[in-house]
Each structure stands twice: as C-alpha cells, then as structure tokens.
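Listing of model-v2.txt; format and content: compact mmCIF, C-alpha atoms.
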```txt
# COMPACT_ATOMS: atom_id res chain seq x y z
CA MET D 123 -5.23 8.21 16.04
CA MET D 124 -4.04 4.67 16.65
CA GLU D 125 -0.28 4.52 16.27
CA LEU D 126 1.24 2.33 13.58
CA ARG D 127 3.80 0.86 15.97
CA ASN D 128 1.04 -0.52 18.21
CA THR D 129 -1.06 -1.89 15.36
CA PRO D 130 -0.97 -5.70 15.07
CA ALA D 131 0.43 -6.91 11.75
CA SER D 132 -2.89 -8.60 11.04
CA SER D 133 -4.72 -5.25 11.33
CA LEU D 134 -2.60 -3.18 8.94
CA ASP D 135 -5.25 -3.17 6.21
CA LYS D 136 -7.79 -1.73 8.66
CA PHE D 137 -5.21 0.83 9.83
CA ILE D 138 -4.69 2.01 6.25
CA LYS D 139 -8.41 2.23 5.55
CA HIS D 140 -9.37 4.08 8.72
CA HIS D 141 -6.33 6.30 9.27
CA LEU D 142 -4.34 6.84 6.06
CA LEU D 143 -6.65 7.09 3.04
CA SER D 144 -7.52 10.69 2.26
CA ASN D 145 -10.69 12.75 2.60
CA THR D 146 -12.99 12.84 -0.46
CA GLU D 147 -14.36 16.34 0.26
CA PHE D 148 -10.87 17.83 0.41
CA HIS D 149 -10.08 16.17 -2.93
CA LYS D 150 -13.04 18.01 -4.46
CA GLN D 151 -11.87 21.33 -3.05
CA VAL D 152 -8.33 20.81 -4.27
CA LYS D 153 -9.55 19.69 -7.70
CA SER D 154 -11.57 22.90 -8.02
CA ALA D 155 -8.59 25.05 -7.05
CA ILE D 156 -6.27 23.17 -9.41
CA LYS D 157 -8.70 23.73 -12.29
CA ILE D 158 -8.55 27.48 -11.68
CA ILE D 159 -4.76 27.45 -11.52
CA CYS D 160 -4.35 25.26 -14.62
CA THR D 161 -6.69 27.49 -16.63
CA PHE D 162 -4.74 30.49 -15.45
CA LEU D 163 -1.40 28.94 -16.46
CA LYS D 164 -2.69 28.02 -19.90
CA GLU D 165 -4.60 31.18 -20.76
CA ARG D 166 -3.38 34.12 -18.70
CA CYS D 167 0.05 33.60 -17.22
CA PHE D 168 2.17 34.73 -20.16
CA ARG D 169 -0.04 37.38 -21.76
CA PHE D 170 2.53 40.16 -21.30
CA PRO D 171 6.00 38.57 -21.19
CA PRO D 172 9.12 40.08 -22.79
CA ARG D 173 8.64 37.61 -25.66
CA PRO D 174 5.69 35.47 -26.80
CA VAL D 175 5.26 32.29 -24.75
CA ARG D 176 2.73 29.53 -25.23
CA VAL D 177 1.80 26.77 -22.80
CA SER D 178 1.21 23.54 -24.74
CA LYS D 179 -0.19 21.65 -21.73
CA VAL D 180 -0.26 21.54 -17.93
CA VAL D 181 0.13 18.07 -16.43
CA LYS D 182 -0.58 17.17 -12.81
CA GLY D 183 1.71 14.66 -11.14
CA GLY D 184 2.45 13.59 -7.58
CA SER D 185 0.47 11.50 -5.09
CA SER D 186 -2.87 13.23 -5.69
CA ARG D 187 -2.75 12.10 -9.32
CA GLU D 188 -1.21 8.69 -8.67
CA GLY D 189 -3.70 7.60 -6.02
CA THR D 190 -1.26 7.39 -3.10
CA THR D 191 -2.39 10.45 -1.14
CA LEU D 192 -2.12 10.27 2.65
CA ARG D 193 -4.85 11.73 4.85
CA GLY D 194 -3.79 15.17 5.97
CA ARG D 195 -0.82 15.25 3.61
CA SER D 196 -0.54 15.29 -0.13
CA ASP D 197 1.85 16.49 -2.79
CA ALA D 198 1.43 17.31 -6.43
CA ASP D 199 3.39 18.72 -9.32
CA LEU D 200 1.92 21.04 -11.92
CA VAL D 201 4.28 20.64 -14.84
CA VAL D 202 3.91 23.50 -17.31
CA PHE D 203 5.14 22.50 -20.77
CA LEU D 204 6.30 25.58 -22.71
CA THR D 205 6.64 25.66 -26.49
CA ASN D 206 9.49 28.18 -26.14
CA LEU D 207 11.73 25.57 -24.54
CA LYS D 208 13.16 23.59 -27.47
CA SER D 209 15.78 21.43 -25.75
CA PHE D 210 16.99 20.07 -22.43
CA ARG D 211 19.65 22.79 -22.43
CA GLU D 212 17.08 25.58 -22.81
CA HIS D 213 15.05 23.96 -20.02
CA PHE D 214 18.15 24.11 -17.80
CA GLU D 215 19.13 27.68 -18.71
CA CYS D 216 15.75 29.46 -18.93
CA ARG D 217 13.50 27.91 -16.28
CA GLY D 218 14.48 30.50 -13.62
CA GLU D 219 13.11 33.29 -15.79
CA PHE D 220 9.79 31.50 -16.26
CA ILE D 221 9.51 30.61 -12.55
CA LYS D 222 9.75 34.32 -11.66
CA GLU D 223 7.00 35.19 -14.12
CA ILE D 224 4.73 32.38 -12.92
CA ARG D 225 5.22 33.48 -9.30
CA ARG D 226 4.32 37.07 -10.12
CA GLN D 227 1.21 36.05 -12.01
CA LEU D 228 0.08 33.41 -9.48
CA GLU D 229 0.20 35.99 -6.70
CA ALA D 230 -2.05 38.17 -8.84
CA CYS D 231 -4.38 35.20 -9.37
CA GLN D 232 -4.48 34.68 -5.61
CA ARG D 233 -5.75 38.24 -5.14
CA GLU D 234 -8.41 37.90 -7.85
CA GLU D 235 -9.82 34.38 -7.37
CA ARG D 236 -11.84 33.02 -4.46
CA PHE D 237 -10.60 29.56 -3.48
CA GLU D 238 -12.46 27.12 -1.24
CA VAL D 239 -9.11 26.31 0.34
CA GLN D 240 -6.35 28.62 1.50
CA PHE D 241 -3.79 29.34 -1.21
CA GLU D 242 -0.26 30.29 -0.15
CA VAL D 243 2.81 30.86 -2.35
CA GLN D 244 5.97 29.69 -0.57
CA LYS D 245 9.44 31.21 -0.44
CA GLN D 246 11.50 29.78 -3.27
CA GLN D 247 13.87 27.08 -2.00
CA ASN D 248 13.97 24.75 -4.99
CA PRO D 249 15.58 26.44 -8.04
CA ARG D 250 13.69 24.05 -10.32
CA ALA D 251 10.17 24.89 -9.13
CA LEU D 252 7.75 27.39 -7.60
CA SER D 253 6.14 25.95 -4.48
CA PHE D 254 2.75 26.75 -2.97
CA VAL D 255 0.31 25.15 -0.53
CA LEU D 256 -3.44 24.62 -0.58
CA ARG D 257 -4.81 24.24 2.94
CA SER D 258 -8.08 23.33 4.61
CA PRO D 259 -8.56 23.05 8.39
CA ASN D 260 -7.33 19.42 8.51
CA GLN D 261 -5.38 18.81 5.30
CA ALA D 262 -2.81 20.40 3.03
CA VAL D 263 -1.50 19.79 -0.46
CA GLU D 264 2.01 20.93 -1.32
CA PHE D 265 2.47 21.88 -4.96
CA ASP D 266 5.46 22.50 -7.16
CA VAL D 267 4.96 24.36 -10.43
CA LEU D 268 7.69 23.38 -12.88
CA PRO D 269 8.20 25.07 -16.28
CA THR D 270 9.42 22.29 -18.56
CA PHE D 271 10.65 21.35 -22.02
CA ASP D 272 8.15 19.06 -23.79
CA ALA D 273 10.54 16.26 -24.74
CA LEU D 274 7.84 13.64 -25.35
CA GLY D 275 5.11 15.48 -27.25
CA GLN D 276 1.64 13.97 -27.41
CA LEU D 277 1.41 10.65 -25.55
CA THR D 278 -0.87 7.74 -26.35
CA LYS D 279 -1.71 4.65 -24.31
CA GLY D 280 1.22 2.24 -24.18
CA TYR D 281 3.61 5.01 -25.32
CA ARG D 282 7.31 4.19 -25.29
CA PRO D 283 9.78 7.02 -25.96
CA ASP D 284 11.99 7.03 -29.04
CA PRO D 285 15.45 5.94 -27.81
CA GLN D 286 16.91 9.10 -29.37
CA ILE D 287 15.11 11.16 -26.71
CA TYR D 288 17.13 9.35 -24.06
CA VAL D 289 20.30 9.64 -26.13
CA ARG D 290 19.88 13.44 -26.23
CA LEU D 291 19.03 13.43 -22.50
CA ILE D 292 22.20 11.52 -21.66
CA GLN D 293 24.36 13.75 -23.85
CA GLU D 294 23.00 16.94 -22.29
CA CYS D 295 23.33 15.58 -18.75
CA GLU D 296 26.97 14.69 -19.38
CA LYS D 297 27.65 18.20 -20.72
CA LEU D 298 25.75 20.09 -18.03
CA GLY D 299 26.44 17.74 -15.11
CA GLY D 300 22.73 17.61 -14.29
CA GLU D 301 21.86 13.96 -13.79
CA GLY D 302 18.20 13.64 -12.81
CA GLU D 303 17.76 17.34 -13.55
CA PHE D 304 15.24 16.79 -16.32
CA SER D 305 12.86 14.31 -14.68
CA PRO D 306 9.93 16.82 -14.94
CA CYS D 307 10.08 16.33 -18.72
CA PHE D 308 8.96 12.73 -18.12
CA THR D 309 6.23 13.45 -15.57
CA GLU D 310 3.47 11.85 -17.66
CA LEU D 311 5.38 8.56 -17.83
CA GLN D 312 6.23 8.76 -14.13
CA THR D 313 2.57 9.25 -13.25
CA ALA D 314 1.49 6.39 -15.52
CA PHE D 315 4.07 4.09 -13.94
CA LEU D 316 2.51 4.60 -10.50
CA LYS D 317 -1.12 5.29 -11.38
CA GLU D 318 -1.62 1.96 -13.18
CA ARG D 319 -0.75 -0.02 -10.05
CA LEU D 320 -3.33 -2.19 -8.32
CA PRO D 321 -5.31 -0.72 -5.39
CA MET D 322 -3.76 -2.97 -2.74
CA LEU D 323 -0.24 -2.04 -3.86
CA LYS D 324 -1.15 1.64 -3.69
CA SER D 325 -2.35 1.06 -0.12
CA LEU D 326 0.99 -0.55 0.72
CA ILE D 327 2.76 2.46 -0.77
CA CYS D 328 0.64 4.71 1.46
CA LEU D 329 1.66 2.66 4.50
CA VAL D 330 5.36 2.89 3.63
CA LYS D 331 5.01 6.64 3.04
CA HIS D 332 3.30 7.07 6.43
CA TRP D 333 6.11 5.13 8.12
CA TYR D 334 8.68 7.24 6.25
CA GLN D 335 7.02 10.47 7.42
CA LEU D 336 7.16 9.26 11.02
CA CYS D 337 10.89 8.66 10.62
CA LYS D 338 11.32 12.01 8.89
CA MET D 339 9.85 13.82 11.90
CA LYS D 340 12.87 12.56 13.83
CA TYR D 341 15.55 13.20 11.22
CA GLU D 342 14.01 16.07 9.21
CA HIS D 343 15.76 16.24 5.82
CA LYS D 344 18.49 13.70 6.55
CA LEU D 345 16.72 10.69 5.00
CA PRO D 346 16.65 9.38 1.41
CA PRO D 347 13.98 10.82 -0.93
CA GLN D 348 10.47 9.50 -0.38
CA TYR D 349 10.19 8.60 -4.07
CA ALA D 350 12.98 6.05 -3.56
CA LEU D 351 10.84 4.30 -0.94
CA GLU D 352 7.83 4.30 -3.28
CA LEU D 353 9.89 2.64 -6.02
CA LEU D 354 11.40 0.19 -3.53
CA THR D 355 7.86 -0.82 -2.51
CA ILE D 356 6.85 -1.43 -6.13
CA TYR D 357 10.02 -3.45 -6.70
CA ALA D 358 9.41 -5.55 -3.57
CA TRP D 359 5.88 -6.39 -4.76
CA GLU D 360 6.94 -7.13 -8.35
CA GLN D 361 9.72 -9.48 -7.29
CA GLY D 362 8.11 -10.96 -4.18
CA SER D 363 4.41 -11.26 -4.94
CA SER D 364 3.05 -9.60 -8.12
CA LYS D 365 -0.45 -10.75 -7.08
CA PRO D 366 -3.53 -8.47 -6.75
CA GLN D 367 -4.15 -9.79 -3.23
CA PHE D 368 -1.30 -10.24 -0.79
CA SER D 369 -0.33 -9.86 2.85
CA THR D 370 0.18 -6.17 3.59
CA ALA D 371 2.26 -7.11 6.63
CA GLN D 372 4.58 -9.22 4.49
CA GLY D 373 4.92 -6.43 1.95
CA PHE D 374 5.71 -3.84 4.62
CA ARG D 375 8.15 -6.16 6.37
CA THR D 376 9.88 -6.89 3.02
CA VAL D 377 10.43 -3.20 2.30
CA LEU D 378 11.99 -2.76 5.75
CA ALA D 379 14.22 -5.76 5.13
CA LEU D 380 15.42 -4.28 1.83
CA ILE D 381 16.28 -1.02 3.59
CA LEU D 382 18.55 -3.01 5.91
CA LYS D 383 20.33 -4.26 2.77
CA HIS D 384 20.62 -0.82 1.19
CA GLN D 385 24.37 -1.25 0.60
CA ASP D 386 23.57 -3.93 -1.99
CA LEU D 387 20.52 -2.43 -3.69
CA CYS D 388 20.75 -2.11 -7.47
CA ILE D 389 17.33 -1.66 -9.08
CA TYR D 390 16.10 -0.44 -12.45
CA TRP D 391 13.23 -1.00 -14.88
CA LYS D 392 13.18 -1.55 -18.64
CA LYS D 393 9.62 -0.38 -19.31
CA TYR D 394 10.61 2.86 -21.04
CA TYR D 395 14.32 2.44 -21.81
CA ASP D 396 16.36 -0.71 -22.43
CA LEU D 397 19.71 -2.02 -23.65
CA GLU D 398 19.16 -2.07 -27.40
CA ASN D 399 20.66 1.36 -28.08
CA PRO D 400 24.48 1.38 -27.59
CA THR D 401 24.56 4.87 -26.04
CA ILE D 402 21.84 4.02 -23.50
CA SER D 403 23.38 0.62 -22.76
CA GLN D 404 26.85 2.05 -22.11
CA TYR D 405 25.39 4.75 -19.91
CA LEU D 406 23.37 2.23 -17.91
CA ARG D 407 26.52 0.21 -17.32
CA ARG D 408 28.13 3.26 -15.73
CA GLN D 409 25.04 4.05 -13.68
CA LEU D 410 24.70 0.53 -12.30
CA ALA D 411 28.41 0.38 -11.48
CA LYS D 412 28.09 3.33 -9.10
CA PRO D 413 28.27 2.80 -5.31
CA ARG D 414 25.11 1.31 -3.84
CA PRO D 415 22.31 1.95 -3.28
CA VAL D 416 21.23 2.48 -6.87
CA ILE D 417 17.53 2.88 -7.71
CA LEU D 418 17.17 4.32 -11.20
CA ASP D 419 14.10 6.37 -12.02
CA PRO D 420 12.02 4.11 -14.29
CA VAL D 421 11.40 7.01 -16.71
CA ASP D 422 14.79 8.74 -16.50
CA PRO D 423 18.00 6.64 -16.54
CA THR D 424 20.06 9.67 -15.47
CA GLY D 425 18.29 9.86 -12.11
CA ASN D 426 19.48 7.67 -9.25
CA VAL D 427 16.61 8.43 -6.88
CA ALA D 428 18.36 6.60 -4.05
CA GLY D 429 20.61 9.65 -3.80
CA GLY D 430 24.36 9.84 -3.45
CA ASP D 431 24.59 9.80 0.34
CA PRO D 432 24.60 6.30 1.93
CA GLN D 433 24.51 7.86 5.41
CA ARG D 434 20.88 8.81 4.81
CA TRP D 435 20.06 5.13 4.27
CA GLN D 436 22.06 4.18 7.36
CA LEU D 437 19.83 6.45 9.45
CA LEU D 438 16.75 4.87 7.94
CA ALA D 439 18.18 1.39 8.57
CA GLN D 440 18.69 2.32 12.23
CA GLU D 441 14.99 3.14 12.43
CA VAL D 442 14.13 -0.20 10.83
CA THR D 443 15.97 -2.11 13.56
CA ILE D 444 13.82 -0.30 16.12
CA TRP D 445 10.54 -0.83 14.24
CA LEU D 446 11.11 -4.56 13.78
CA LYS D 447 10.39 -4.94 17.50
CA TYR D 448 6.96 -3.32 17.24
CA SER D 449 3.59 -5.05 16.85
CA CYS D 450 3.20 -4.03 13.21
CA CYS D 451 6.13 -6.28 12.29
CA GLU D 452 5.24 -9.26 14.48
CA ASN D 453 2.64 -12.01 14.31
CA LEU D 454 0.29 -12.58 17.24
CA ASN D 455 2.63 -15.33 18.52
CA GLY D 456 5.45 -12.78 18.78
CA ARG D 457 7.41 -14.12 15.84
CA PRO D 458 8.58 -11.80 13.04
CA VAL D 459 6.36 -11.51 9.97
CA ARG D 460 7.90 -13.48 7.13
CA THR D 461 9.30 -11.49 4.21
CA TRP D 462 8.98 -12.19 0.51
CA LYS D 463 12.03 -13.55 -1.27
CA VAL D 464 13.31 -10.52 -3.16
CA PRO D 465 16.78 -10.12 -4.75
CA VAL D 466 18.63 -6.94 -3.78
CA SER D 467 20.02 -6.65 -7.31
CA LEU D 468 18.34 -7.52 -10.60
CA HIS D 469 19.94 -10.50 -12.32
CA GLU D 470 19.55 -8.70 -15.67
CA GLU D 471 22.31 -6.36 -14.49
CA ARG D 472 24.88 -9.05 -15.29
CA THR D 473 23.91 -9.04 -18.96
CA LEU D 474 24.95 -5.39 -19.24
CA TRP D 475 28.62 -6.15 -18.97
CA ASN D 476 28.66 -8.15 -22.21
CA HIS D 477 26.02 -6.13 -24.03
CA THR D 478 26.69 -3.71 -26.93
```

Please lay out the structure from this file as structure tokens.
Amino acid sequence: MMELRNTPASSLDKFIKHHLLSNTEFHKQVKSAIKIICTFLKERCFRFPPRPVRVSKVVKGGSSREGTTLRGRSDADLVVFLTNLKSFREHFECRGEFIKEIRRQLEACQREERFEVQFEVQKQQNPRALSFVLRSPNQAVEFDVLPTFDALGQLTKGYRPDPQIYVRLIQECEKLGGEGEFSPCFTELQTAFLKERLPMLKSLICLVKHWYQLCKMKYEHKLPPQYALELLTIYAWEQGSSKPQFSTAQGFRTVLALILKHQDLCIYWKKYYDLENPTISQYLRRQLAKPRPVILDPVDPTGNVAGGDPQRWQLLAQEVTIWLKYSCCENLNGRPVRTWKVPVSLHEERTLWNHT
C-alpha cells in the first residue's frame, strides 16, 4: 500500500478512496453477524437471570454506524438499554453484573450460531463494557457491548434532551466522581452528531484516523483518545471551511496545526446542551476553566474527551513536527500547505463568565 507520508498533498483524495475506505462485502458479513447478536441480546440474553430483565433497545454506535470505517479496521458499540436500570447511579453500580451475564450468554451464542466471520470474545479489560472481535481474513471489527441506563427514551428527528436530564447527569457525576462515565447513555445523539456529516468531511475524518493509527503504532496507548481527534477534525472544518467541497490537504494540515496548539484548545458545542439552565451553565464554566486541552463531548458536558494528561498531546505534537516535512503536507513547489484560519478557543466561552 502506498504510504501516506509519500503521498503528494494533491493526491490525498485518491489515497483515501483507494486505500482507506472499507470493503463492502465485509460490511455485509458484519451486518449479518450483528443482526444475530442484536436479536440474541433482545430476545434471549436475560431469559433466566436472578431477576426479570428486559432490553428496551440495542443501538449500534462507532465508526461502522457513523460512516468513518477504515479499511481493515473498524470499531462499533452495541449499547444495550435495560429497563431495570432506572438512574445514572444504578447504571454505575449494576453494570458489572449485567456484563457478566451478557458474556456468559454470548459465549453460548457463539457455540450455537454459525457466523460468516470469526467471532471472538475478548478478556475483559474495560470495566464498562464486554469486548469481542469479528474477523475475516483481511479485516476486523472491534465491538464493545455496554449495558446502559436509557436516559433519553424514544428519540425523534431533531431531538434535543430536556435540560433536566443533564442536570441529573451533572449531579450524579459530582457525587460519584465519574465524569464522562455515562457517555453510553447518549450514544444515539453521539452517532447522529457524526453520521449527519457530509461525505467529504467523513473522508477527512478517515484520513486523520489513519494518521492517528500510524502514530499509535509507535506510542501504543500513550496518545490522546481517537475520538478527540475526530471531534477536532469536525471543529476544524466547521470553523475553517463549513463547505461541502474543500481541500482535503488544507483540512488535514489544519488539524495537525491545531494539535501543535493543544495547550490552548478549548472546544465545545451547544447542539444538545447550552447555557440557559443555571446548573448546566455553572458546570460548563468549571469545565472550560480546567487546564487545556479541553474538548467537551458534544452530547455529554461531563466528558472532556481530550483527556487529563497533556503529555499524551505533547507526544502527538512531536509526531506532527515530523509529519509536516512529508509530501502529504507540502505543495508540489515544496511549500507547506496553507491551513484554514481556526480559533483554538471558541469566542462564546467568554460569555460564560457573565452568564447566569
């Protein structure tokens, strides 16, 4: 495969098309396997538990749902909403019990069902989820199954949560010390936030994710979360272009430039939560006053997806300085690709200090 570093900036769109976009046949195989698993979770998983349990819905999230799947690599969440979980606190306290039951039953499903792709339950490393992998000879999809409290209920197009949902979220997070802990409850909004994006922006996200994975091979788990880079890419496009057609090279170069300025990043969105409610407004003030970088999850104000370790961003910034010398960041005349003009901090942040 042609390496990204040797790809001329003018050829990045071709690179994405020919080397990054995923295989249609594998999508069909994965979709078939997911259907089996979702049916199992809804109808069979909790037939004989210690107490009655009902699954209200199973929602798929992650790159395979959002349209940002990389060839040979994909990730997805199967969020299992349980009627027995009545609050964020119950979600926090009881999910371990449900994860054990789902694991036991999924392993039984694996023995009974014939999948077109290899199905493998992983050793539990994340206390919030059960992980498994679907494999074919050339591709793999990593899944997390997350038992979750249904905080939002039935969603309709253009849905915006009642502010009281976020008030309860904030109150529980402050009691339990679990900021960002309940993001699975907002999976449907998270998926909608990414899925509705224009095709060319999704391609740019794929390119940034591919670059991130190349860096991750060098530093393993010492880098910021990938989701932070996805949101940073969306922010760069919104503030620097916002057009359906744009220069992929400029977009990529802008994201790298923002990484170099990570110590000043302060980003959030007001699509699902805003400053009208005093509790939410006061909480946002505290969140945005935290040490940079700050990138708030657009569906969960308690989650700073940039993470709390600036050293991870410093490592990524070191990689950026190396990559800026490669062909993918230079024009044919050898000059750097121009970046979009993007602020590192939203000007709306200033209004928070006098709001409420």

- Task: Around the point (5.0, -1.1, 18.0) in the file's coordinates, collect all residues with an atom within 8 Å, using all atoms listed in the file, and return them as a VMD selection string.
- Result: chain D and resid 125 to 129 445 447 to 451

- Message: Quick one: residues within 8 Å of Cys328 in chain D, only C-alpha atoms, excluding same-chain residues fewer than 5 positions away - as a ChimeraX atom specification?
- Response: /D:138,142-143,190-192

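Compared by their closest atoms to Gln436 in chain D, and using only C-alpha atoms, the residues D:Leu454, D:Leu397, D:Ala230, D:Ile381 rank with D:Ile381 nearest.
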
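Remark: for Pro321 in chain D, the closest of the candidate residues D:Ile356, D:Thr443, D:Thr161, D:Pro366 is D:Pro366 (distances computed over all atoms listed in the file).
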
- For a cut-off of 12 Å around (13.4, 10.8, 11.1), file coordinates, pick out all residues using all atoms listed in the file and list them as a PyMOL selection string. chain D and resi 332-346+348+434-442

Residues of the last selection are to be written out with C-alpha atoms, as a short mmCIF file (atom, residue, chain, number, x, y, z; two decimals), in the frame of the given file.
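Done, and the output landed in selection.cif:
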```cif
data_model
loop_
_atom_site.label_atom_id
_atom_site.label_comp_id
_atom_site.auth_asym_id
_atom_site.auth_seq_id
_atom_site.Cartn_x
_atom_site.Cartn_y
_atom_site.Cartn_z
CA HIS D 332 3.30 7.07 6.43
CA TRP D 333 6.11 5.13 8.12
CA TYR D 334 8.68 7.24 6.25
CA GLN D 335 7.02 10.47 7.42
CA LEU D 336 7.16 9.26 11.02
CA CYS D 337 10.89 8.66 10.62
CA LYS D 338 11.32 12.01 8.89
CA MET D 339 9.85 13.82 11.90
CA LYS D 340 12.87 12.56 13.83
CA TYR D 341 15.55 13.20 11.22
CA GLU D 342 14.01 16.07 9.21
CA HIS D 343 15.76 16.24 5.82
CA LYS D 344 18.49 13.70 6.55
CA LEU D 345 16.72 10.69 5.00
CA PRO D 346 16.65 9.38 1.41
CA GLN D 348 10.47 9.50 -0.38
CA ARG D 434 20.88 8.81 4.81
CA TRP D 435 20.06 5.13 4.27
CA GLN D 436 22.06 4.18 7.36
CA LEU D 437 19.83 6.45 9.45
CA LEU D 438 16.75 4.87 7.94
CA ALA D 439 18.18 1.39 8.57
CA GLN D 440 18.69 2.32 12.23
CA GLU D 441 14.99 3.14 12.43
CA VAL D 442 14.13 -0.20 10.83
#
```

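The nearest approach to Leu291 in chain D among the residues D:Phe214, D:Phe162, D:Phe315, D:Phe368, with only C-alpha atoms taken into account, belongs to D:Phe214.
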
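Computed from the coordinates, the CA of Phe304 in chain D to CA of Phe210 in chain D distance equals 7.2 Å.
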
- Task: May I ask for the distance between CA of Ala428 in chain D and CA of Gln385 in chain D, given in Å to one decimal place?
- Result: 10.9 Å

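A straight line drawn from CA of Met322 in chain D to CA of Leu382 in chain D is 23.9 Å long.
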
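Residues in contact with Pro415 in chain D at 10 Å, where only C-alpha atoms are counted and same-chain residues fewer than 5 positions away are skipped, are listed as D:Ile381, D:Lys383, D:His384, D:Gln385, D:Asp386, D:Leu387, D:Cys388, D:Ile389, D:Leu410, D:Asn426, D:Val427, D:Ala428, D:Gly429, D:Gly430, D:Asp431, D:Pro432, D:Trp435, D:Val466, D:Ser467.
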
Let me see the file: selected residues, C-alpha atoms, as an mmCIF file, keeping the file's coordinate frame.
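Output saved as part.cif:
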```
data_model
loop_
_atom_site.group_PDB
_atom_site.id
_atom_site.type_symbol
_atom_site.label_atom_id
_atom_site.label_comp_id
_atom_site.auth_asym_id
_atom_site.auth_seq_id
_atom_site.Cartn_x
_atom_site.Cartn_y
_atom_site.Cartn_z
ATOM 1 C CA ILE D 381 16.280 -1.020 3.590
ATOM 2 C CA LYS D 383 20.330 -4.260 2.770
ATOM 3 C CA HIS D 384 20.620 -0.820 1.190
ATOM 4 C CA GLN D 385 24.370 -1.250 0.600
ATOM 5 C CA ASP D 386 23.570 -3.930 -1.990
ATOM 6 C CA LEU D 387 20.520 -2.430 -3.690
ATOM 7 C CA CYS D 388 20.750 -2.110 -7.470
ATOM 8 C CA ILE D 389 17.330 -1.660 -9.080
ATOM 9 C CA LEU D 410 24.700 0.530 -12.300
ATOM 10 C CA ASN D 426 19.480 7.670 -9.250
ATOM 11 C CA VAL D 427 16.610 8.430 -6.880
ATOM 12 C CA ALA D 428 18.360 6.600 -4.050
ATOM 13 C CA GLY D 429 20.610 9.650 -3.800
ATOM 14 C CA GLY D 430 24.360 9.840 -3.450
ATOM 15 C CA ASP D 431 24.590 9.800 0.340
ATOM 16 C CA PRO D 432 24.600 6.300 1.930
ATOM 17 C CA TRP D 435 20.060 5.130 4.270
ATOM 18 C CA VAL D 466 18.630 -6.940 -3.780
ATOM 19 C CA SER D 467 20.020 -6.650 -7.310
#
```

- Near-Cys295 in chain D list (10 Å; only C-alpha atoms; drop same-chain fewer than 6 positions) as a list of chain:residue names: D:Phe210, D:Arg211, D:Val289, D:Glu301, D:Gly302, D:Glu303, D:Phe304, D:Thr424

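Among the candidate residues D:Leu378, D:Val175, D:Cys307, D:Ala251, the one lying nearest to Ile444 in chain D is D:Leu378, with distances computed using all atoms listed in the file.
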
- Message: So, with all atoms listed in the file as the atoms that count, which of D:Trp359, D:Phe254, D:Tyr349, D:Trp391 lies closest to Ile156 in chain D?
- Response: D:Phe254

- Query: With all atoms listed in the file as the atoms that count, which of D:Arg460, D:Arg408, D:Arg414, D:Lys317 lies nearest to Gly184 in chain D?
  - Reply: D:Lys317

- Message: Just want the 10 Å neighbourhood of range 264-269 of chain D, counted on all atoms listed in the file, with same-chain residues fewer than 5 positions away dropped. Output as a VMD selection string.
- Response: chain D and resid 156 163 177 180 to 184 195 to 204 207 213 216 to 221 224 to 225 242 to 244 248 to 257 306 to 307
